>>> print(open('model_34.csv').read())   # CSV, C-alpha atoms and all ligand atoms
chain,number,residue,atom,x,y,z
K,1319,MET,CA,84.4,-1.8,3.3
K,1320,THR,CA,87.2,-4.4,3.5
K,1321,ILE,CA,90.6,-3.0,2.6
K,1322,LYS,CA,92.5,-5.5,0.4
K,1323,LYS,CA,95.0,-3.4,-1.4
K,1324,ILE,CA,96.4,0.1,-0.7
K,1325,ALA,CA,98.8,2.5,-2.4
K,1326,ILE,CA,101.4,4.9,-1.1
K,1327,ILE,CA,103.0,8.0,-2.7
K,1328,THR,CA,105.7,10.4,-1.4
K,1329,SER,CA,105.1,13.9,-2.7
K,1330,GLY,CA,106.6,17.4,-2.5
K,1331,GLY,CA,110.0,18.0,-0.8
K,1332,ASP,CA,111.5,14.7,0.3
K,1333,ALA,CA,112.3,14.3,4.0
K,1334,PRO,CA,114.5,11.9,6.0
K,1335,GLY,CA,112.1,9.3,7.5
K,1336,MET,CA,109.8,8.9,4.5
K,1337,ASN,CA,111.4,5.5,3.9
K,1338,ALA,CA,110.8,4.6,7.5
K,1339,CYS,CA,107.2,5.5,7.1
K,1340,ILE,CA,106.9,3.4,3.9
K,1341,ARG,CA,108.4,0.5,5.8
K,1342,SER,CA,105.9,0.9,8.7
K,1343,ILE,CA,102.9,1.0,6.4
K,1344,CYS,CA,104.1,-2.1,4.6
K,1345,LEU,CA,104.7,-4.0,7.8
K,1346,SER,CA,101.4,-3.0,9.3
K,1347,CYS,CA,99.6,-4.0,6.1
K,1348,GLU,CA,101.5,-7.4,6.0
K,1349,SER,CA,100.2,-8.2,9.5
K,1350,GLU,CA,96.6,-7.3,8.4
K,1351,GLY,CA,96.9,-9.3,5.1
K,1352,ILE,CA,96.7,-6.2,3.0
K,1353,GLU,CA,98.6,-5.9,-0.3
K,1354,VAL,CA,100.7,-2.6,-0.9
K,1355,VAL,CA,101.8,-0.9,-4.0
K,1356,GLY,CA,103.8,2.4,-4.4
K,1357,TYR,CA,103.4,4.9,-7.2
K,1358,ARG,CA,106.7,6.6,-8.3
K,1359,SER,CA,107.3,10.3,-8.1
K,1360,GLY,CA,104.1,11.4,-6.2
K,1361,TYR,CA,101.1,12.4,-8.2
K,1362,ILE,CA,103.0,12.1,-11.4
K,1363,GLY,CA,103.2,8.3,-10.9
K,1364,LEU,CA,99.5,8.2,-10.1
K,1365,LEU,CA,98.6,9.8,-13.4
K,1366,LYS,CA,101.0,7.6,-15.3
K,1367,LYS,CA,99.9,4.5,-13.4
K,1368,GLU,CA,103.5,3.7,-12.6
K,1369,SER,CA,103.0,1.4,-9.6
K,1370,ILE,CA,105.4,-1.1,-8.1
K,1371,PRO,CA,104.5,-3.9,-5.6
K,1372,LEU,CA,105.9,-3.2,-2.2
K,1373,HIS,CA,106.7,-6.6,-0.8
K,1374,THR,CA,108.1,-6.7,2.8
K,1375,SER,CA,111.4,-8.0,1.4
K,1376,LEU,CA,111.8,-4.6,-0.4
K,1377,VAL,CA,111.4,-2.6,2.9
K,1378,GLN,CA,114.1,-4.5,4.8
K,1379,ASN,CA,116.7,-2.1,6.2
K,1380,LEU,CA,114.7,0.9,5.0
K,1381,LEU,CA,114.2,2.4,8.5
K,1382,GLN,CA,117.6,4.1,8.4
K,1383,ARG,CA,117.8,5.1,4.8
K,1384,GLY,CA,117.4,8.8,3.8
K,1385,GLY,CA,115.4,9.9,0.7
K,1386,THR,CA,112.4,7.9,-0.6
K,1387,ILE,CA,112.6,4.7,-2.5
K,1388,LEU,CA,109.4,5.8,-4.3
K,1389,HIS,CA,111.0,9.1,-5.4
K,1390,SER,CA,109.1,12.4,-5.0
K,1391,ALA,CA,108.1,15.2,-7.3
K,1392,ARG,CA,106.0,18.3,-7.6
K,1393,CYS,CA,103.2,17.8,-10.2
K,1394,GLU,CA,101.7,21.0,-11.4
K,1395,LYS,CA,99.0,19.2,-13.4
K,1396,PHE,CA,97.5,17.9,-10.3
K,1397,ARG,CA,96.2,21.4,-9.4
K,1398,LYS,CA,93.6,20.9,-12.2
K,1399,ASP,CA,90.5,19.0,-11.3
K,1400,GLN,CA,90.5,17.0,-14.6
K,1401,TYR,CA,93.8,15.3,-13.6
K,1402,VAL,CA,92.5,14.6,-10.0
K,1403,LYS,CA,89.5,12.9,-11.6
K,1404,GLN,CA,91.9,10.9,-13.8
K,1405,ALA,CA,93.9,9.8,-10.8
K,1406,ALA,CA,90.7,8.6,-9.1
K,1407,LYS,CA,89.9,6.6,-12.2
K,1408,ASN,CA,93.4,5.1,-12.3
K,1409,LEU,CA,93.2,4.0,-8.7
K,1410,ASP,CA,89.9,2.3,-9.4
K,1411,ASP,CA,91.4,0.6,-12.6
K,1412,GLU,CA,94.1,-0.8,-10.4
K,1413,GLU,CA,91.6,-1.9,-7.7
K,1414,ILE,CA,93.2,0.2,-5.0
K,1415,ASP,CA,91.1,0.4,-1.8
K,1416,GLY,CA,92.9,3.3,-0.1
K,1417,LEU,CA,95.8,5.8,-0.7
K,1418,ILE,CA,98.3,7.1,1.8
K,1419,VAL,CA,100.0,10.4,0.8
K,1420,ILE,CA,103.3,11.2,2.6
K,1421,GLY,CA,104.0,14.9,2.0
K,1422,GLY,CA,103.5,18.5,3.0
K,1423,ASN,CA,100.8,21.1,2.9
K,1424,GLY,CA,100.6,21.2,-0.9
K,1425,SER,CA,100.4,17.4,-1.2
K,1426,PHE,CA,97.5,17.4,1.4
K,1427,LYS,CA,95.6,19.9,-0.8
K,1428,GLY,CA,95.9,17.4,-3.6
K,1429,ALA,CA,94.9,14.6,-1.3
K,1430,GLN,CA,91.8,16.5,-0.1
K,1431,LYS,CA,90.8,17.1,-3.8
K,1432,LEU,CA,91.3,13.5,-4.6
K,1433,GLN,CA,89.2,12.5,-1.6
K,1434,TYR,CA,86.4,14.7,-3.1
K,1435,TYR,CA,86.4,12.8,-6.4
K,1436,TRP,CA,87.2,9.3,-5.1
K,1437,ASP,CA,85.0,7.3,-2.8
K,1438,LYS,CA,87.8,5.2,-1.2
K,1439,PRO,CA,89.9,6.6,1.7
K,1440,VAL,CA,92.8,9.0,1.3
K,1441,ILE,CA,95.0,9.5,4.4
K,1442,GLY,CA,97.9,12.0,4.7
K,1443,VAL,CA,101.0,11.5,6.7
K,1444,PRO,CA,103.0,14.8,7.4
K,1445,GLY,CA,106.4,14.5,5.7
K,1446,THR,CA,108.4,17.7,5.4
K,1447,ILE,CA,111.6,19.1,6.9
K,1448,ASP,CA,109.8,22.4,7.5
K,1449,ASN,CA,107.5,21.3,10.3
K,1450,ASP,CA,105.0,23.8,8.9
K,1451,ILE,CA,101.9,21.6,9.1
K,1452,ALA,CA,99.2,22.6,11.6
K,1453,GLY,CA,97.4,19.9,13.6
K,1454,THR,CA,100.6,17.9,14.2
K,1455,ASP,CA,103.4,18.8,16.7
K,1456,TYR,CA,106.0,17.4,14.4
K,1457,THR,CA,106.5,16.4,10.8
K,1458,ILE,CA,108.7,13.5,9.5
K,1459,GLY,CA,112.2,14.9,8.6
K,1460,TYR,CA,112.2,17.9,10.8
K,1461,HIS,CA,114.4,16.6,13.6
K,1462,THR,CA,117.0,15.3,11.1
K,1463,ALA,CA,117.1,18.6,9.3
K,1464,ILE,CA,117.8,20.4,12.6
K,1465,GLN,CA,120.5,17.9,13.5
K,1466,THR,CA,122.1,18.5,10.0
K,1467,ALA,CA,121.9,22.2,10.4
K,1468,VAL,CA,123.4,22.1,14.0
K,1469,GLU,CA,126.3,20.0,12.9
K,1470,SER,CA,127.1,22.5,10.1
K,1471,LEU,CA,126.7,25.5,12.4
K,1472,ASP,CA,129.1,24.0,15.0
K,1473,LYS,CA,131.7,23.6,12.2
K,1474,VAL,CA,131.1,27.2,11.0
K,1475,ARG,CA,131.6,28.4,14.5
K,1476,ASP,CA,135.2,26.9,14.5
K,1477,THR,CA,136.3,28.8,11.4
K,1478,ALA,CA,134.3,31.9,12.3
K,1479,GLU,CA,136.0,32.1,15.7
K,1480,ALA,CA,139.5,31.6,14.1
K,1481,PHE,CA,139.0,34.6,11.9
K,1482,GLU,CA,136.8,36.6,14.2
K,1483,ARG,CA,134.2,36.8,11.4
K,1484,ILE,CA,130.5,37.2,11.1
K,1485,PHE,CA,128.7,34.3,9.3
K,1486,LEU,CA,125.3,34.5,7.8
K,1487,VAL,CA,123.9,31.0,7.6
K,1488,ASP,CA,120.9,30.5,5.4
K,1489,VAL,CA,118.6,27.6,6.5
K,1490,MET,CA,115.5,26.1,4.8
K,1491,GLY,CA,111.9,26.4,6.0
K,1492,ARG,CA,110.1,27.9,3.0
K,1493,GLU,CA,108.0,30.5,4.9
K,1494,ALA,CA,108.4,29.0,8.4
K,1495,GLY,CA,111.1,29.6,11.0
K,1496,PHE,CA,111.0,26.2,12.8
K,1497,ILE,CA,114.3,25.0,11.5
K,1498,ALA,CA,115.9,28.4,11.9
K,1499,LEU,CA,114.8,29.0,15.5
K,1500,ASN,CA,115.7,25.6,16.9
K,1501,SER,CA,119.0,25.2,15.0
K,1502,ALA,CA,120.0,28.7,16.2
K,1503,ILE,CA,119.2,27.8,19.9
K,1504,SER,CA,120.9,24.4,19.6
K,1505,SER,CA,124.1,25.8,18.1
K,1506,GLY,CA,124.3,28.9,20.3
K,1507,ALA,CA,123.9,31.3,17.4
K,1508,ASP,CA,124.0,35.0,18.1
K,1509,HIS,CA,120.9,36.0,16.2
K,1510,VAL,CA,118.2,34.5,14.1
K,1511,VAL,CA,116.1,36.1,11.4
K,1512,LEU,CA,112.6,34.5,11.3
K,1513,PRO,CA,109.8,35.1,8.8
K,1514,GLU,CA,107.4,35.2,11.8
K,1515,THR,CA,109.0,38.3,13.3
K,1516,PHE,CA,110.7,40.0,10.3
K,1517,THR,CA,109.4,43.5,9.7
K,1518,SER,CA,111.9,45.2,7.4
K,1519,ALA,CA,115.6,44.9,6.5
K,1520,ALA,CA,116.4,48.3,8.1
K,1521,GLU,CA,114.9,47.2,11.5
K,1522,GLU,CA,116.5,43.8,11.4
K,1523,VAL,CA,119.9,45.3,10.7
K,1524,MET,CA,119.4,47.6,13.7
K,1525,LYS,CA,118.6,44.6,15.9
K,1526,ILE,CA,121.6,42.7,14.6
K,1527,LEU,CA,124.0,45.6,15.2
K,1528,ASP,CA,122.5,46.1,18.7
K,1529,LYS,CA,123.1,42.5,19.6
K,1530,LEU,CA,126.6,42.4,18.1
K,1531,SER,CA,127.7,45.5,20.1
K,1532,LYS,CA,126.1,44.1,23.4
K,1533,ARG,CA,127.8,40.8,22.8
K,1534,ARG,CA,131.1,42.4,22.2
K,1535,LEU,CA,130.9,43.9,25.8
K,1536,HIS,CA,131.1,40.3,27.1
K,1537,HIS,CA,133.3,38.7,24.4
K,1538,LYS,CA,135.8,40.9,22.7
K,1539,ASN,CA,137.3,39.6,19.4
K,1540,SER,CA,134.7,36.9,19.1
K,1541,SER,CA,132.9,35.4,16.1
K,1542,HIS,CA,129.2,35.9,15.3
K,1543,ILE,CA,126.8,33.5,13.8
K,1544,ILE,CA,123.5,34.8,12.4
K,1545,VAL,CA,121.0,32.2,11.2
K,1546,VAL,CA,118.6,33.4,8.5
K,1547,THR,CA,115.5,31.7,7.2
K,1548,GLU,CA,115.7,31.2,3.4
K,1549,ASN,CA,114.0,33.6,1.0
K,1550,ILE,CA,113.5,36.3,3.6
K,1551,TRP,CA,116.2,38.9,3.0
K,1552,PRO,CA,115.0,41.5,0.4
K,1553,GLY,CA,117.5,41.3,-2.5
K,1554,GLY,CA,119.4,38.3,-1.0
K,1555,LEU,CA,121.9,37.8,1.8
K,1556,ASN,CA,124.7,39.7,0.0
K,1557,ILE,CA,122.8,42.9,0.7
K,1558,LEU,CA,122.9,42.1,4.5
K,1559,GLN,CA,126.5,41.1,4.1
K,1560,GLN,CA,127.4,44.5,2.6
K,1561,SER,CA,125.6,46.5,5.3
K,1562,LEU,CA,127.1,44.6,8.1
K,1563,GLU,CA,130.6,44.9,6.7
K,1564,LYS,CA,130.2,48.6,6.3
K,1565,GLU,CA,128.8,49.1,9.8
K,1566,THR,CA,131.2,46.9,11.7
K,1567,GLY,CA,134.3,46.7,9.6
K,1568,VAL,CA,134.3,42.9,10.3
K,1569,ASP,CA,134.6,40.3,7.5
K,1570,VAL,CA,131.2,38.8,6.8
K,1571,ARG,CA,130.8,35.4,5.0
K,1572,ILE,CA,127.6,33.7,3.7
K,1573,LEU,CA,126.9,30.0,3.9
K,1574,THR,CA,123.7,28.5,2.3
K,1575,LEU,CA,123.0,25.1,3.8
K,1576,GLY,CA,120.5,24.2,1.1
K,1577,HIS,CA,119.4,20.7,0.2
K,1578,VAL,CA,121.9,18.9,2.5
K,1579,GLN,CA,119.2,19.5,5.1
K,1580,ARG,CA,116.8,17.2,3.2
K,1581,GLY,CA,119.3,14.3,3.1
K,1582,GLY,CA,120.9,11.7,5.4
K,1583,SER,CA,119.8,8.9,7.6
K,1584,PRO,CA,116.9,10.0,9.8
K,1585,VAL,CA,117.6,10.6,13.5
K,1586,TRP,CA,115.7,8.4,16.0
K,1587,GLN,CA,112.9,11.0,16.5
K,1588,ASP,CA,112.0,10.8,12.8
K,1589,ARG,CA,112.3,7.0,12.7
K,1590,LEU,CA,109.9,6.7,15.7
K,1591,LEU,CA,107.5,9.4,14.4
K,1592,ALA,CA,107.5,7.8,10.9
K,1593,THR,CA,106.9,4.4,12.3
K,1594,LYS,CA,104.0,5.5,14.6
K,1595,LEU,CA,102.3,7.6,11.9
K,1596,GLY,CA,102.6,4.9,9.2
K,1597,THR,CA,101.0,2.3,11.5
K,1598,HIS,CA,98.3,4.8,12.7
K,1599,ALA,CA,97.4,5.6,9.1
K,1600,VAL,CA,96.9,1.9,8.2
K,1601,HIS,CA,94.8,1.3,11.4
K,1602,GLU,CA,92.6,4.4,10.7
K,1603,MET,CA,92.0,3.3,7.2
K,1604,ILE,CA,90.9,-0.2,8.3
K,1605,LYS,CA,88.5,1.5,10.8
K,1606,GLY,CA,86.9,3.4,7.9
K,1607,LYS,CA,88.5,6.9,8.4
K,1608,LYS,CA,89.0,9.0,5.2
K,1609,GLY,CA,90.1,12.5,4.3
K,1610,VAL,CA,92.3,12.9,7.4
K,1611,MET,CA,95.9,13.5,8.3
K,1612,ALA,CA,97.6,11.1,10.7
K,1613,GLY,CA,99.5,13.5,13.0
K,1614,ILE,CA,101.1,13.5,16.4
K,1615,LYS,CA,100.0,15.4,19.6
K,1616,ALA,CA,101.9,15.0,22.8
K,1617,ALA,CA,103.5,11.8,21.5
K,1618,ILE,CA,100.0,10.2,20.7
K,1619,PRO,CA,98.9,9.7,17.1
K,1620,VAL,CA,95.8,11.6,16.2
K,1621,SER,CA,93.6,12.1,13.1
K,1622,ILE,CA,92.7,15.6,11.8
K,1623,ALA,CA,90.3,16.1,8.9
K,1624,PHE,CA,92.1,17.8,5.9
K,1625,ASP,CA,89.5,20.6,6.1
K,1626,GLN,CA,90.3,21.2,9.8
K,1627,ILE,CA,94.0,21.8,9.2
K,1628,ASP,CA,94.3,25.6,9.8
K,1629,SER,CA,97.7,26.6,8.3
K,1630,GLU,CA,97.7,29.9,10.3
K,1631,SER,CA,97.5,28.1,13.7
K,1632,LYS,CA,101.0,26.5,13.7
K,1633,LYS,CA,103.1,28.9,15.7
K,1634,LEU,CA,106.7,29.0,16.9
K,1635,ASN,CA,107.1,28.1,20.6
K,1636,PRO,CA,106.8,31.4,22.5
K,1637,PHE,CA,109.0,30.2,25.3
K,1638,SER,CA,111.8,29.4,22.9
K,1639,MET,CA,111.5,32.8,21.2
K,1640,GLN,CA,111.8,34.7,24.5
K,1641,MET,CA,114.6,32.5,25.8
K,1642,LEU,CA,116.5,33.1,22.6
K,1643,GLU,CA,116.4,36.9,23.1
K,1644,SER,CA,117.9,36.7,26.6
K,1645,LEU,CA,120.5,34.0,25.9
K,1646,MET,CA,121.8,35.4,22.7
K,1647,LEU,CA,123.1,38.5,24.4
K,1648,LEU,CA,125.4,36.5,26.7
K,1649,GLY,CA,126.7,33.9,24.2
K,1701,LIG,N1,96.0,23.3,-4.5
K,1701,LIG,C1,96.4,22.1,-4.9
K,1701,LIG,N2,95.6,21.3,-5.6
K,1701,LIG,C2,96.0,20.1,-6.0
K,1701,LIG,N3,97.2,19.6,-5.8
K,1701,LIG,C3,98.1,20.4,-5.2
K,1701,LIG,C4,97.8,21.7,-4.7
K,1701,LIG,N4,98.9,22.2,-4.1
K,1701,LIG,C5,99.9,21.3,-4.3
K,1701,LIG,N5,99.4,20.2,-4.9
K,1701,LIG,C6,100.2,19.0,-5.3
K,1701,LIG,O1,101.1,18.6,-4.3
K,1701,LIG,C7,102.4,18.7,-4.8
K,1701,LIG,C8,103.4,19.0,-3.7
K,1701,LIG,O2,103.1,20.3,-3.2
K,1701,LIG,P1,104.2,21.3,-2.7
K,1701,LIG,O3,103.6,22.5,-2.1
K,1701,LIG,O4,105.3,21.5,-3.8
K,1701,LIG,O5,105.0,20.4,-1.6
K,1701,LIG,P2,104.6,19.9,-0.2
K,1701,LIG,O6,103.6,18.8,-0.3
K,1701,LIG,O7,105.9,19.3,0.4
K,1701,LIG,O8,104.1,21.1,0.6
K,1701,LIG,C9,102.3,19.7,-5.9
K,1701,LIG,O9,103.4,19.6,-6.9
K,1701,LIG,C10,101.0,19.3,-6.5
K,1701,LIG,O10,101.1,18.1,-7.3
K,1702,LIG,O1,113.7,21.2,-3.7
K,1702,LIG,P1,113.1,22.5,-4.1
K,1702,LIG,O2,112.1,22.4,-5.1
K,1702,LIG,O3,114.2,23.5,-4.4
K,1702,LIG,O4,112.3,23.1,-2.9
K,1702,LIG,C1,112.9,23.8,-1.8
K,1702,LIG,C2,111.9,23.8,-0.7
K,1702,LIG,O5,111.6,22.5,-0.3
K,1702,LIG,C3,111.8,22.4,1.1
K,1702,LIG,O6,113.1,21.9,1.4
K,1702,LIG,C4,110.7,21.5,1.7
K,1702,LIG,O7,109.4,22.0,1.5
K,1702,LIG,P2,108.2,21.1,1.3
K,1702,LIG,O8,108.3,19.9,2.1
K,1702,LIG,O9,107.0,22.0,1.7
K,1702,LIG,O10,108.1,20.8,-0.2
K,1702,LIG,C5,111.7,23.8,1.7
K,1702,LIG,O11,112.4,24.0,2.9
K,1702,LIG,C6,112.4,24.6,0.5
K,1702,LIG,O12,111.9,25.9,0.5
>>> encode(input="model_34.csv", output="structure tokens")
Amino acid sequence: MTIKKIAIITSGGDAPGMNACIRSICLSCESEGIEVVGYRSGYIGLLKKESIPLHTSLVQNLLQRGGTILHSARCEKFRKDQYVKQAAKNLDDEEIDGLIVIGGNGSFKGAQKLQYYWDKPVIGVPGTIDNDIAGTDYTIGYHTAIQTAVESLDKVRDTAEAFERIFLVDVMGREAGFIALNSAISSGADHVVLPETFTSAAEEVMKILDKLSKRRLHHKNSSHIIVVTENIWPGGLNILQQSLEKETGVDVRILTLGHVQRGGSPVWQDRLLATKLGTHAVHEMIKGKKGVMAGIKAAIPVSIAFDQIDSESKKLNPFSMQMLESLMLLG
């Protein structure tokens, strides 16, 4: 089948580098003589037929811009088959020959369903700060989110040190510890609470107290930074704050980094990844591939079928986890 016109959506949590990916898709299509449109706000735009032509003039200077010019959204309706069928019909009505979905795991579930009801190709590109998509080493936005977290953690260290305080810093990741683990290592944090290793609040408090007392043998009167993955602490971080204040007598403060981790100009790793994956997605579509994610393995673009993406298989790096245990005791 000849591809004459394709569409793009950005769906789920936005991530720095989504714009760079849109640019890459448009430029690759331009050189192949393919027309490109974008639907606004993910699957919502697809259902409302809200498309805009993406001329190459529109994507100039987009490489370095955070956010997504197409806007993003979570569309609950799309979980129902009737709406997926409606989207397939809308794409046919607009004579679209292929769809590229830039998003996370949820967006790919929608893309997989759409592929079931639509005979033209649907290709996913992993875009989420969480890096929680199996089958790809990295996702677009992940490196920028870590950079943002590390810059904040460095600043927190300055004020924590001045007051000899303990800081609990809440970072994003949904149910995955990739941002937490790597921002903790890169900022020299004293402890990290990860969903992958969390057992119970009581056990984690014991671990924290043990680390703090060992660290104090080396560094008296020092500050402590504890990075905690969001949504993990039963009852919220103020419960941990209270128990640490009680046990140590030290002032404990909480900082939630929140959505700043999703914003900002993408770092070079995300620009490069987004550019590679956007181009790869277009080339794969031209070759006739469908129902796949364009991912990256050892710096080489790969294609993985949606039904082969095993969400359990994406693990934190075991070397990093071991290293963290030994380094954190020394500061
Ligand atoms: N099981 C599903 N079936 C169909 N569509 C889904 C499904 N899960 C998620 N989606 C669609 O993908 C959107 C984004 O999913 P979400 O999990 O919020 O973000 P992300 O794609 O970043 O993981 C949802 O709002 C919905 O429109
Ligand atoms: O913007 P919202 O709806 O508050 O969502 C917050 C969630 O989105 C994320 O920032 C990104 O997650 P997804 O890319 O999977 O959507 C998570 O880290 C966080 O838990």
>>> closest_residue(input="model_34.csv", among="K:Ser1518, K:Ser1621, K:Thr1374, K:Ser1501", to="Leu1345 (chain K)", atoms="only C-alpha atoms")
K:Thr1374
>>> closest_atom_pairs(input="model_34.csv", of="chain K", to="ligand LIG 1702 (chain K)", cutoff="7 Å", atoms="only C-alpha atoms and all ligand atoms", output="JSON lines")
{"residue": "K:Gly1330", "atom": "CA", "partner": "K:LIG1702", "partner_atom": "O10", "distance": 4.4}
{"residue": "K:Gly1331", "atom": "CA", "partner": "K:LIG1702", "partner_atom": "O10", "distance": 3.4}
{"residue": "K:Asp1332", "atom": "CA", "partner": "K:LIG1702", "partner_atom": "O8", "distance": 6.4}
{"residue": "K:Gly1421", "atom": "CA", "partner": "K:LIG1702", "partner_atom": "O8", "distance": 6.6}
{"residue": "K:Gly1422", "atom": "CA", "partner": "K:LIG1702", "partner_atom": "O8", "distance": 5.1}
{"residue": "K:Asn1423", "atom": "CA", "partner": "K:LIG1702", "partner_atom": "O9", "distance": 6.4}
{"residue": "K:Gly1424", "atom": "CA", "partner": "K:LIG1702", "partner_atom": "O9", "distance": 7.0}
{"residue": "K:Gly1445", "atom": "CA", "partner": "K:LIG1702", "partner_atom": "O8", "distance": 6.8}
{"residue": "K:Thr1446", "atom": "CA", "partner": "K:LIG1702", "partner_atom": "O8", "distance": 4.0}
{"residue": "K:Ile1447", "atom": "CA", "partner": "K:LIG1702", "partner_atom": "C4", "distance": 5.8}
{"residue": "K:Asp1448", "atom": "CA", "partner": "K:LIG1702", "partner_atom": "O11", "distance": 5.5}
{"residue": "K:Met1490", "atom": "CA", "partner": "K:LIG1702", "partner_atom": "O11", "distance": 4.2}
{"residue": "K:Gly1491", "atom": "CA", "partner": "K:LIG1702", "partner_atom": "O11", "distance": 4.0}
{"residue": "K:Arg1492", "atom": "CA", "partner": "K:LIG1702", "partner_atom": "O12", "distance": 3.7}
{"residue": "K:His1577", "atom": "CA", "partner": "K:LIG1702", "partner_atom": "O6", "distance": 6.5}
{"residue": "K:Arg1580", "atom": "CA", "partner": "K:LIG1702", "partner_atom": "O6", "distance": 6.2}
>>> closest_residue(input="model_34.csv", among="K:Ala1507, K:Thr1574, K:Thr1517, K:Pro1584", to="Leu1645 (chain K)", atoms="all atoms listed in the file")
K:Ala1507
>>> closest_residue(input="model_34.csv", among="K:Ser1369, K:Gln1559, K:Gln1579, K:Asn1500", to="Thr1462 (chain K)", atoms="only C-alpha atoms")
K:Gln1579
>>> closest_residue(input="model_34.csv", among="K:Leu1388, K:Tyr1434, K:Leu1365, K:Ser1644", to="Tyr1401 (chain K)", atoms="only C-alpha atoms")
K:Leu1365
>>> closest_residue(input="model_34.csv", among="K:Leu1527, K:Ile1464, K:Ile1618, K:Leu1591", to="Asp1508 (chain K)", atoms="only C-alpha atoms")
K:Leu1527
>>> residues_around(input="model_34.csv", residues="region 1541-1547 of chain K", least_positions_apart="6", cutoff="8 Å", atoms="all atoms listed in the file", output="number ranges by chain")
K: 1475, 1478-1495, 1498, 1502, 1507-1513, 1530
>>> residues_near_ligand(input="model_34.csv", ligand="ligand LIG 1701 (chain K)", cutoff="9 Å", atoms="all atoms listed in the file", output="JSON, numbers by chain")
{"K": [1328, 1329, 1330, 1331, 1332, 1333, 1360, 1361, 1362, 1390, 1391, 1392, 1393, 1394, 1395, 1396, 1397, 1398, 1399, 1402, 1420, 1421, 1422, 1423, 1424, 1425, 1426, 1427, 1428, 1429, 1430, 1431, 1432, 1444, 1445, 1446, 1447, 1448, 1450, 1451]}
>>> residues_around(input="model_34.csv", residues="Trp1586 (chain K)", least_positions_apart="6", cutoff="12 Å", atoms="all atoms listed in the file", output="PyMOL selection string")
chain K and resi 1334-1335+1338+1381-1383+1458-1462+1465+1592-1593
>>> atom_distance(input="model_34.csv", atom1="CA of Glu1514 (chain K)", atom2="CA of Glu1548 (chain K)")
12.5 Å
>>> closest_residue(input="model_34.csv", among="K:Leu1409, K:Ile1343, K:Leu1380, K:Ile1497", to="Leu1575 (chain K)", atoms="all atoms listed in the file")
K:Ile1497
>>> residues_around(input="model_34.csv", residues="region 1596-1613 of chain K", least_positions_apart="6", cutoff="10 Å", atoms="all atoms listed in the file", output="JSON list (two decimals) with C-alpha atoms, in the coordinates of the input")
[["chain", "number", "residue", "atom", "x", "y", "z"],
["K", 1319, "MET", "CA", 84.40, -1.80, 3.30],
["K", 1320, "THR", "CA", 87.20, -4.40, 3.50],
["K", 1321, "ILE", "CA", 90.60, -3.00, 2.60],
["K", 1322, "LYS", "CA", 92.50, -5.50, 0.40],
["K", 1324, "ILE", "CA", 96.40, 0.10, -0.70],
["K", 1336, "MET", "CA", 109.80, 8.90, 4.50],
["K", 1338, "ALA", "CA", 110.80, 4.60, 7.50],
["K", 1339, "CYS", "CA", 107.20, 5.50, 7.10],
["K", 1340, "ILE", "CA", 106.90, 3.40, 3.90],
["K", 1341, "ARG", "CA", 108.40, 0.50, 5.80],
["K", 1342, "SER", "CA", 105.90, 0.90, 8.70],
["K", 1343, "ILE", "CA", 102.90, 1.00, 6.40],
["K", 1344, "CYS", "CA", 104.10, -2.10, 4.60],
["K", 1345, "LEU", "CA", 104.70, -4.00, 7.80],
["K", 1346, "SER", "CA", 101.40, -3.00, 9.30],
["K", 1347, "CYS", "CA", 99.60, -4.00, 6.10],
["K", 1350, "GLU", "CA", 96.60, -7.30, 8.40],
["K", 1352, "ILE", "CA", 96.70, -6.20, 3.00],
["K", 1415, "ASP", "CA", 91.10, 0.40, -1.80],
["K", 1416, "GLY", "CA", 92.90, 3.30, -0.10],
["K", 1417, "LEU", "CA", 95.80, 5.80, -0.70],
["K", 1418, "ILE", "CA", 98.30, 7.10, 1.80],
["K", 1419, "VAL", "CA", 100.00, 10.40, 0.80],
["K", 1420, "ILE", "CA", 103.30, 11.20, 2.60],
["K", 1426, "PHE", "CA", 97.50, 17.40, 1.40],
["K", 1429, "ALA", "CA", 94.90, 14.60, -1.30],
["K", 1430, "GLN", "CA", 91.80, 16.50, -0.10],
["K", 1431, "LYS", "CA", 90.80, 17.10, -3.80],
["K", 1432, "LEU", "CA", 91.30, 13.50, -4.60],
["K", 1433, "GLN", "CA", 89.20, 12.50, -1.60],
["K", 1434, "TYR", "CA", 86.40, 14.70, -3.10],
["K", 1437, "ASP", "CA", 85.00, 7.30, -2.80],
["K", 1438, "LYS", "CA", 87.80, 5.20, -1.20],
["K", 1439, "PRO", "CA", 89.90, 6.60, 1.70],
["K", 1440, "VAL", "CA", 92.80, 9.00, 1.30],
["K", 1441, "ILE", "CA", 95.00, 9.50, 4.40],
["K", 1442, "GLY", "CA", 97.90, 12.00, 4.70],
["K", 1443, "VAL", "CA", 101.00, 11.50, 6.70],
["K", 1444, "PRO", "CA", 103.00, 14.80, 7.40],
["K", 1451, "ILE", "CA", 101.90, 21.60, 9.10],
["K", 1452, "ALA", "CA", 99.20, 22.60, 11.60],
["K", 1453, "GLY", "CA", 97.40, 19.90, 13.60],
["K", 1454, "THR", "CA", 100.60, 17.90, 14.20],
["K", 1455, "ASP", "CA", 103.40, 18.80, 16.70],
["K", 1456, "TYR", "CA", 106.00, 17.40, 14.40],
["K", 1457, "THR", "CA", 106.50, 16.40, 10.80],
["K", 1458, "ILE", "CA", 108.70, 13.50, 9.50],
["K", 1590, "LEU", "CA", 109.90, 6.70, 15.70],
["K", 1619, "PRO", "CA", 98.90, 9.70, 17.10],
["K", 1620, "VAL", "CA", 95.80, 11.60, 16.20],
["K", 1621, "SER", "CA", 93.60, 12.10, 13.10],
["K", 1622, "ILE", "CA", 92.70, 15.60, 11.80],
["K", 1623, "ALA", "CA", 90.30, 16.10, 8.90],
["K", 1624, "PHE", "CA", 92.10, 17.80, 5.90],
["K", 1625, "ASP", "CA", 89.50, 20.60, 6.10],
["K", 1626, "GLN", "CA", 90.30, 21.20, 9.80],
["K", 1627, "ILE", "CA", 94.00, 21.80, 9.20]]
